[in-house]
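Trainee: Before I ask anything, let me first share the structure, which is written out below as structure tokens.
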Amino acid sequence: MFSFKARRMLREVVARDRRRFRPSLKNGLGSIERLESRELMAYSPLGVSLPNLTVSGYAGPLAFWGGPIAVNLNVSNAGGNTQLQPLSLAPGAATTADAGPFYVSVFVVARPGTRHSATLFLGNASFPQGLQQNASVQQTANFNLPTIHPGFSSAYGSKVYLELVVNPNNQVNVGNPFQNTYLNLQNPIRITPPAAAVSVVGSDLPSVLQPGDTIAPNFELANFGAISTTVGGTLDVQLVASRSRFFNRGTTVIANYPVEVVQPQSNAPTQDFVPANVNLQQQSNFETIRGGPVTLPTSPRRYYIGFVVNPQTVVPALASLRRPQPLLISQVRTVGPPIPGLPPAGVIGQQITPFPNPFPYPNAPIPNG
């Protein structure tokens, strides 16, 4: 029998040896063991390859309680068939690593990582076709935020976060069911008032204009609010002429463009919100208006033209965001003074339909007379 002192020395030696040979990231053993344990989970005991579903996504940058919100879902199947085959598989052939029909559950989370965090279920997005091995699929799903829920703030400017769970009930037998949750902390959803916020963000008004010129303006609208413009009826956008850059007394309306609908920003999922027209692919909260030929006023010798959105506040939701200061004209161009010996220009011919290039990039020139 060992004495008490000898037993204590033996325990210290064993503990020191364990610390000395403990796998660590420095020598790579720890990462290798974790990799092996993770990869072994992707296969059944008989070596059959299984699907490996992962999900990520993002939503629109803003929404309001009780209003719509769109979510972009990206699902990947990292599973791969590793069994030895007597013959090569034909392209697209079914394997045990293919995932059958599944769905993604969508939640919003308040204050994640704290003891006051709360979770609210929005709905499920279905993928009835399943997903083949080594493939990915993207889908946009539309939901409605419920009315205010316990644990969430109703204050405007507060934030909620998107959480996604793929294959939540394990309806698909996957290799690692612990990698099926995604929490997006980089793109929070800001709670805003239920109002629209429409602006003219681009136009192709000529840079050089004279009084009396005839032009065919095209312009682009964007709704950076949380509701559609259909809430209050038809939206009016006017091309106006003014001695200043403001819509005030003495402003002349050159043309009026009624707009039926501009979708809200909450229906346009985006990872990097840019409040301008710089995307090659037009998002759902943008609307392009093709204008017919209009003639500019012949006087005064020098003035400004540009666009104003709903100057008569026809849409009540827009009025809630209107400040008492004078309405500023957007996409302003200077007209005049007249160039000596050069008559006003007139537009000849019809517009090109459809346009060959995305707005606002230059299209084929229209000859002027």
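A note on labels: chains of the structure tokens are A, B, ... as shown, every chain counts residues from 1, and ligands are counted from 1 in their shown order.
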Could you give me, as an NGL selection string, each residue of stretch 59-283 of chain A that DSSP assigns to strand (DSSP E) when run on this structure's backbone?

Mentor: :A and (59 or 62-63 or 68-77 or 102-110 or 118-127 or 135-144 or 159-166 or 181-191 or 198-203 or 214-215 or 218-223 or 235-242 or 246-247 or 252-259)

Trainee: Can I get the selected residues back with C-alpha atoms, as a PDB file, in the first residue's frame?

Mentor:
```pdb
ATOM      1  CA  ALA A  59     -34.605  40.698 -44.017  1.00  0.00           C
ATOM      2  CA  LEU A  62     -37.112  48.159 -41.273  1.00  0.00           C
ATOM      3  CA  ALA A  63     -40.651  47.108 -40.394  1.00  0.00           C
ATOM      4  CA  PRO A  68     -45.228  43.128 -43.767  1.00  0.00           C
ATOM      5  CA  ILE A  69     -41.633  41.989 -43.888  1.00  0.00           C
ATOM      6  CA  ALA A  70     -39.746  39.958 -46.516  1.00  0.00           C
ATOM      7  CA  VAL A  71     -36.909  37.550 -45.702  1.00  0.00           C
ATOM      8  CA  ASN A  72     -34.249  36.265 -48.086  1.00  0.00           C
ATOM      9  CA  LEU A  73     -33.282  32.637 -47.296  1.00  0.00           C
ATOM     10  CA  ASN A  74     -30.111  30.892 -48.465  1.00  0.00           C
ATOM     11  CA  VAL A  75     -30.034  27.134 -47.818  1.00  0.00           C
ATOM     12  CA  SER A  76     -27.084  24.889 -48.685  1.00  0.00           C
ATOM     13  CA  ASN A  77     -26.648  21.123 -48.617  1.00  0.00           C
ATOM     14  CA  PHE A 102     -38.034  20.437 -45.702  1.00  0.00           C
ATOM     15  CA  TYR A 103     -38.881  23.878 -44.360  1.00  0.00           C
ATOM     16  CA  VAL A 104     -37.213  26.791 -42.565  1.00  0.00           C
ATOM     17  CA  SER A 105     -38.759  28.361 -39.461  1.00  0.00           C
ATOM     18  CA  VAL A 106     -38.375  32.145 -39.211  1.00  0.00           C
ATOM     19  CA  PHE A 107     -38.214  34.044 -35.911  1.00  0.00           C
ATOM     20  CA  VAL A 108     -37.356  37.526 -34.664  1.00  0.00           C
ATOM     21  CA  VAL A 109     -35.381  37.899 -31.449  1.00  0.00           C
ATOM     22  CA  ALA A 110     -35.194  40.837 -29.040  1.00  0.00           C
ATOM     23  CA  ALA A 118     -37.499  37.082 -26.269  1.00  0.00           C
ATOM     24  CA  THR A 119     -38.338  35.128 -29.420  1.00  0.00           C
ATOM     25  CA  LEU A 120     -41.334  35.559 -31.724  1.00  0.00           C
ATOM     26  CA  PHE A 121     -42.314  33.049 -34.415  1.00  0.00           C
ATOM     27  CA  LEU A 122     -43.181  34.553 -37.837  1.00  0.00           C
ATOM     28  CA  GLY A 123     -43.849  31.457 -39.925  1.00  0.00           C
ATOM     29  CA  ASN A 124     -42.358  28.682 -42.060  1.00  0.00           C
ATOM     30  CA  ALA A 125     -40.869  28.832 -45.538  1.00  0.00           C
ATOM     31  CA  SER A 126     -41.336  25.560 -47.421  1.00  0.00           C
ATOM     32  CA  PHE A 127     -38.857  23.905 -49.790  1.00  0.00           C
ATOM     33  CA  ALA A 135     -26.186  22.463 -53.939  1.00  0.00           C
ATOM     34  CA  SER A 136     -27.773  25.649 -52.650  1.00  0.00           C
ATOM     35  CA  VAL A 137     -31.083  27.424 -53.154  1.00  0.00           C
ATOM     36  CA  GLN A 138     -32.285  30.979 -52.522  1.00  0.00           C
ATOM     37  CA  GLN A 139     -35.861  31.952 -51.768  1.00  0.00           C
ATOM     38  CA  THR A 140     -37.664  35.100 -50.628  1.00  0.00           C
ATOM     39  CA  ALA A 141     -40.522  34.556 -48.184  1.00  0.00           C
ATOM     40  CA  ASN A 142     -43.083  37.144 -47.060  1.00  0.00           C
ATOM     41  CA  PHE A 143     -44.375  37.367 -43.494  1.00  0.00           C
ATOM     42  CA  ASN A 144     -46.223  39.777 -41.227  1.00  0.00           C
ATOM     43  CA  LYS A 159     -34.274  46.727 -33.138  1.00  0.00           C
ATOM     44  CA  VAL A 160     -35.078  43.059 -33.545  1.00  0.00           C
ATOM     45  CA  TYR A 161     -32.902  40.338 -35.042  1.00  0.00           C
ATOM     46  CA  LEU A 162     -33.619  37.585 -37.536  1.00  0.00           C
ATOM     47  CA  GLU A 163     -33.239  33.929 -36.477  1.00  0.00           C
ATOM     48  CA  LEU A 164     -33.610  31.000 -38.897  1.00  0.00           C
ATOM     49  CA  VAL A 165     -33.903  27.289 -38.166  1.00  0.00           C
ATOM     50  CA  VAL A 166     -33.650  24.829 -41.066  1.00  0.00           C
ATOM     51  CA  THR A 181     -29.744  27.566 -36.539  1.00  0.00           C
ATOM     52  CA  TYR A 182     -28.636  30.963 -37.828  1.00  0.00           C
ATOM     53  CA  LEU A 183     -28.879  34.289 -35.953  1.00  0.00           C
ATOM     54  CA  ASN A 184     -28.195  37.436 -37.996  1.00  0.00           C
ATOM     55  CA  LEU A 185     -26.636  40.048 -35.718  1.00  0.00           C
ATOM     56  CA  GLN A 186     -25.112  42.061 -38.574  1.00  0.00           C
ATOM     57  CA  ASN A 187     -28.393  43.210 -40.168  1.00  0.00           C
ATOM     58  CA  PRO A 188     -30.913  44.192 -37.469  1.00  0.00           C
ATOM     59  CA  ILE A 189     -34.497  45.128 -38.320  1.00  0.00           C
ATOM     60  CA  ARG A 190     -35.415  48.619 -37.125  1.00  0.00           C
ATOM     61  CA  ILE A 191     -38.963  49.255 -35.871  1.00  0.00           C
ATOM     62  CA  VAL A 198     -41.108  58.188 -51.225  1.00  0.00           C
ATOM     63  CA  SER A 199     -38.273  60.045 -52.950  1.00  0.00           C
ATOM     64  CA  VAL A 200     -37.131  60.592 -56.527  1.00  0.00           C
ATOM     65  CA  VAL A 201     -33.673  58.995 -56.500  1.00  0.00           C
ATOM     66  CA  GLY A 202     -32.708  59.205 -60.180  1.00  0.00           C
ATOM     67  CA  SER A 203     -33.590  60.901 -63.443  1.00  0.00           C
ATOM     68  CA  THR A 214     -38.964  69.762 -75.274  1.00  0.00           C
ATOM     69  CA  ILE A 215     -37.824  66.773 -73.240  1.00  0.00           C
ATOM     70  CA  ASN A 218     -37.682  59.384 -67.124  1.00  0.00           C
ATOM     71  CA  PHE A 219     -37.227  59.114 -63.379  1.00  0.00           C
ATOM     72  CA  GLU A 220     -37.061  56.539 -60.602  1.00  0.00           C
ATOM     73  CA  LEU A 221     -38.916  56.488 -57.294  1.00  0.00           C
ATOM     74  CA  ALA A 222     -37.924  54.681 -54.104  1.00  0.00           C
ATOM     75  CA  ASN A 223     -40.045  54.021 -51.025  1.00  0.00           C
ATOM     76  CA  LEU A 235     -49.388  59.065 -55.570  1.00  0.00           C
ATOM     77  CA  ASP A 236     -48.719  62.246 -57.596  1.00  0.00           C
ATOM     78  CA  VAL A 237     -45.215  63.134 -58.779  1.00  0.00           C
ATOM     79  CA  GLN A 238     -44.847  66.480 -60.509  1.00  0.00           C
ATOM     80  CA  LEU A 239     -42.166  67.946 -62.735  1.00  0.00           C
ATOM     81  CA  VAL A 240     -42.039  71.623 -61.798  1.00  0.00           C
ATOM     82  CA  ALA A 241     -40.225  74.843 -62.712  1.00  0.00           C
ATOM     83  CA  SER A 242     -39.244  77.349 -60.043  1.00  0.00           C
ATOM     84  CA  PHE A 246     -38.027  74.992 -53.337  1.00  0.00           C
ATOM     85  CA  PHE A 247     -41.663  74.247 -54.122  1.00  0.00           C
ATOM     86  CA  THR A 252     -45.124  76.136 -62.295  1.00  0.00           C
ATOM     87  CA  VAL A 253     -46.238  72.539 -62.769  1.00  0.00           C
ATOM     88  CA  ILE A 254     -44.887  71.247 -66.098  1.00  0.00           C
ATOM     89  CA  ALA A 255     -46.252  67.680 -65.905  1.00  0.00           C
ATOM     90  CA  ASN A 256     -48.043  65.434 -63.415  1.00  0.00           C
ATOM     91  CA  TYR A 257     -47.327  61.685 -63.150  1.00  0.00           C
ATOM     92  CA  PRO A 258     -49.820  59.561 -61.147  1.00  0.00           C
ATOM     93  CA  VAL A 259     -48.176  56.483 -59.625  1.00  0.00           C
TER      94      VAL A 259
END
```

Trainee: Of the residues A:Ala197, A:Val332, A:Arg290, A:Leu209, which is the one nearest to A:Asn310, using only C-alpha atoms?

Mentor: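 Going through A:Ala197, A:Val332, A:Arg290, A:Leu209 one by one, the smallest distance to A:Asn310 is for A:Ala197.
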
Trainee: Please identify all polymer residues within 6 Å of A:Gln210, counting only C-alpha atoms, omitting same-chain residues fewer than 3 positions from it, and present them as a list in words.

Mentor: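 Final neighbour list, sorted by chain and number: Asp213, Val335, Gly336 and Pro338 of chain A.
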
Trainee: Counting only C-alpha atoms, figure out which residue out of A:Pro343, A:Gly80, A:Pro128, A:Gly225 gets nearest to A:Pro61.

Mentor: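 Among the listed residues, the smallest separation from A:Pro61 belongs to A:Gly225.
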
Trainee: Can you measure atom CA of A:Ser266 to atom CA of A:Phe307 for me? One decimal in Å is fine.

Mentor: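 Between these atoms lies a distance of 24.5 Å.
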
Trainee: Any idea what the distance is between atom CA of A:Thr234 and atom CA of A:Ile329?

Mentor: 20.1 Å

Trainee: Please, what distance in Å, to one decimal, runs between atom CA of A:Pro206 and atom CA of A:Gln282?

Mentor: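 Going from atom CA of A:Pro206 over to atom CA of A:Gln282 covers 22.4 Å.
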